[in-house]
Amino acid sequence: VAENLWGSRKYLSFREWTQILVILAVFIITGELLQAVLVGGLLTGVDFILRYSKVSVVAGRPMRGGELPPCERCGEVLEKSLSHIANSWLLVIRLKGFIFFASAQSLTSYVREQIAAEQDVPEYRRLKFVIFDCQMLDAMDASASKALKKLIVEAAELNIRVLWSHVTPEMGEEMKSRTIVESLSDCFVDLERAVQHVHGIVLKYR
């Protein structure tokens with residue numbers, strides 16, 4: 001063991017060396033391999049959570065509706081009006097990678113902060129739609145699904161609707177089975193159609 005560790009000294013970080021030394025210390029003190037394995041599993045699990053919870057699952061910068069061009073041609077005056085309202089009503093977040101419970105907490109906290117920041121804003125100017133774009137999303141685990149479902153319920157109570165774009169039929173059915181969405185009407189094949197849906201509602205309001 002000592003020979004293998006010495007041979008690996010150039011490839012291990014200080015954090016990894018610390019974990020190995022702790023595991024060896026537990027084994028030496030207790031004389032029980034099982035306890036050393038359990039401690040090792042706990043250490044690596046905590047290390048994984050701390051390390052990857054800092055990796056953002058948001059691709060690029062979240063965008064407001066006013067930053068997105070109209071999906072259909074319209075007059076200059078109408079376009080400015082549409083952009084002005086959509087800038088208040090719509091938030092677009094592009095997701096990426098794999099979402100597990102730690103990164104999901106970071107994501108939902110960001111959305112809650114955006115909602116809380118509008119408490120003093122008049123009702124007609126508050127956020128009303130959040131689009132999660134899934135073009136670069138690989139998957140999410142069950143705990144992330146629960147965290148997002150909780151966010152969606154909280155948002156609905158504030159009259160905020162969460163939509164999903166770049167959702168395949170298979171992905172939509174899986175999201176429905178996990179109760180992330182109640183209806184596939186909240187899912188769209190691409191971002192353009194999701195934005196177009198919101199713009200249609202904005203035009204009716206106007």
# chains A, B, ... in the order shown; residues from 1 in each chain; ligands from 1

$ residues_around --residues "region 156-165 of chain A" --least-positions-apart "3" --cutoff "8 Å" --atoms "only C-alpha atoms" --output "list in words"
Leu127, Lys128, Phe129, Val130, Ile131, Phe132, Asp133, Cys134, Gln135, Ile152, Val153, Asp186, Cys187, Phe188, Val189, Asp190, Leu191, Arg193 and Ala194 of chain A

$ residues_around --residues "region 97-108 of chain A" --least-positions-apart "4" --cutoff "6 Å" --atoms "only C-alpha atoms" --output "list in words"
Ser53, Leu137, Asp138, Ala139, Met140, Asp141, Ser143 and Ala144 of chain A

$ write_last_selection --atoms "all heavy atoms" --output "PDB file, in the first residue's frame"
ATOM      1  N   SER A  53     -21.235  20.934  -6.406  1.00  0.00           N
ATOM      2  CA  SER A  53     -22.307  21.896  -6.144  1.00  0.00           C
ATOM      3  C   SER A  53     -21.891  23.292  -6.597  1.00  0.00           C
ATOM      4  O   SER A  53     -22.733  24.171  -6.807  1.00  0.00           O
ATOM      5  CB  SER A  53     -22.662  21.917  -4.650  1.00  0.00           C
ATOM      6  OG  SER A  53     -21.544  22.341  -3.886  1.00  0.00           O
ATOM      7  N   LEU A 137     -29.061  20.164 -21.587  1.00  0.00           N
ATOM      8  CA  LEU A 137     -29.274  19.394 -20.361  1.00  0.00           C
ATOM      9  C   LEU A 137     -29.117  17.909 -20.632  1.00  0.00           C
ATOM     10  O   LEU A 137     -29.709  17.380 -21.583  1.00  0.00           O
ATOM     11  CB  LEU A 137     -30.664  19.684 -19.799  1.00  0.00           C
ATOM     12  CG  LEU A 137     -31.070  18.913 -18.545  1.00  0.00           C
ATOM     13  CD1 LEU A 137     -30.213  19.332 -17.358  1.00  0.00           C
ATOM     14  CD2 LEU A 137     -32.545  19.131 -18.239  1.00  0.00           C
ATOM     15  N   ASP A 138     -28.314  17.224 -19.810  1.00  0.00           N
ATOM     16  CA  ASP A 138     -28.123  15.785 -19.962  1.00  0.00           C
ATOM     17  C   ASP A 138     -29.209  15.005 -19.223  1.00  0.00           C
ATOM     18  O   ASP A 138     -29.855  14.128 -19.786  1.00  0.00           O
ATOM     19  CB  ASP A 138     -26.742  15.368 -19.454  1.00  0.00           C
ATOM     20  CG  ASP A 138     -25.617  15.958 -20.297  1.00  0.00           C
ATOM     21  OD1 ASP A 138     -25.825  16.115 -21.517  1.00  0.00           O
ATOM     22  OD2 ASP A 138     -24.550  16.276 -19.740  1.00  0.00           O
ATOM     23  N   ALA A 139     -29.383  15.328 -17.950  1.00  0.00           N
ATOM     24  CA  ALA A 139     -30.383  14.631 -17.138  1.00  0.00           C
ATOM     25  C   ALA A 139     -30.440  15.288 -15.765  1.00  0.00           C
ATOM     26  O   ALA A 139     -29.665  16.191 -15.457  1.00  0.00           O
ATOM     27  CB  ALA A 139     -30.034  13.151 -17.001  1.00  0.00           C
ATOM     28  N   MET A 140     -31.374  14.828 -14.948  1.00  0.00           N
ATOM     29  CA  MET A 140     -31.453  15.277 -13.551  1.00  0.00           C
ATOM     30  C   MET A 140     -31.874  14.100 -12.691  1.00  0.00           C
ATOM     31  O   MET A 140     -32.604  13.217 -13.151  1.00  0.00           O
ATOM     32  CB  MET A 140     -32.432  16.443 -13.403  1.00  0.00           C
ATOM     33  CG  MET A 140     -33.879  16.106 -13.688  1.00  0.00           C
ATOM     34  SD  MET A 140     -34.995  17.514 -13.432  1.00  0.00           S
ATOM     35  CE  MET A 140     -34.674  18.480 -14.901  1.00  0.00           C
ATOM     36  N   ASP A 141     -31.397  14.076 -11.457  1.00  0.00           N
ATOM     37  CA  ASP A 141     -31.762  12.959 -10.591  1.00  0.00           C
ATOM     38  C   ASP A 141     -33.084  13.245  -9.883  1.00  0.00           C
ATOM     39  O   ASP A 141     -33.680  14.314 -10.034  1.00  0.00           O
ATOM     40  CB  ASP A 141     -30.637  12.630  -9.605  1.00  0.00           C
ATOM     41  CG  ASP A 141     -30.400  13.724  -8.568  1.00  0.00           C
ATOM     42  OD1 ASP A 141     -31.191  14.686  -8.514  1.00  0.00           O
ATOM     43  OD2 ASP A 141     -29.427  13.614  -7.804  1.00  0.00           O
ATOM     44  N   SER A 143     -33.835  13.777  -6.741  1.00  0.00           N
ATOM     45  CA  SER A 143     -33.842  14.871  -5.761  1.00  0.00           C
ATOM     46  C   SER A 143     -33.902  16.226  -6.452  1.00  0.00           C
ATOM     47  O   SER A 143     -34.550  17.154  -5.962  1.00  0.00           O
ATOM     48  CB  SER A 143     -32.600  14.783  -4.869  1.00  0.00           C
ATOM     49  OG  SER A 143     -31.412  14.787  -5.641  1.00  0.00           O
ATOM     50  N   ALA A 144     -33.242  16.344  -7.609  1.00  0.00           N
ATOM     51  CA  ALA A 144     -33.313  17.593  -8.372  1.00  0.00           C
ATOM     52  C   ALA A 144     -34.728  17.802  -8.897  1.00  0.00           C
ATOM     53  O   ALA A 144     -35.236  18.937  -8.916  1.00  0.00           O
ATOM     54  CB  ALA A 144     -32.321  17.554  -9.530  1.00  0.00           C
TER      55      ALA A 144
END

$ select_by_dssp --residues "chain A" --states "strand (DSSP E or B)" --output "PyMOL selection string"
chain A and resi 58+63-64+90-99+129-140+161-165+187

$ residues_around --residues "Val121 (chain A)" --least-positions-apart "6" --cutoff "12 Å" --atoms "only C-alpha atoms" --output "NGL selection string"
:A and (88-89 or 114-115 or 127)

$ write_last_selection --atoms "C-alpha atoms" --output "mmCIF file, in the first residue's frame"
data_model
loop_
_atom_site.group_PDB
_atom_site.id
_atom_site.type_symbol
_atom_site.label_atom_id
_atom_site.label_comp_id
_atom_site.auth_asym_id
_atom_site.auth_seq_id
_atom_site.Cartn_x
_atom_site.Cartn_y
_atom_site.Cartn_z
ATOM 1 C CA SER A 88 -40.471 42.309 -17.129
ATOM 2 C CA TRP A 89 -42.525 39.167 -17.597
ATOM 3 C CA GLN A 114 -35.230 36.972 -8.721
ATOM 4 C CA ILE A 115 -38.806 36.581 -7.520
ATOM 5 C CA LEU A 127 -42.088 38.138 -13.476
#

$ atom_distance --atom1 "CA of Gly31 (chain A)" --atom2 "CA of Leu43 (chain A)"
18.7 Å

$ closest_residue --among "A:Ala117, A:Ile23, A:Val111, A:Ala142" --to "Ala155 (chain A)" --atoms "only C-alpha atoms"
A:Val111

$ atom_distance --atom1 "CA of Val37 (chain A)" --atom2 "CA of Arg15 (chain A)"
17.4 Å
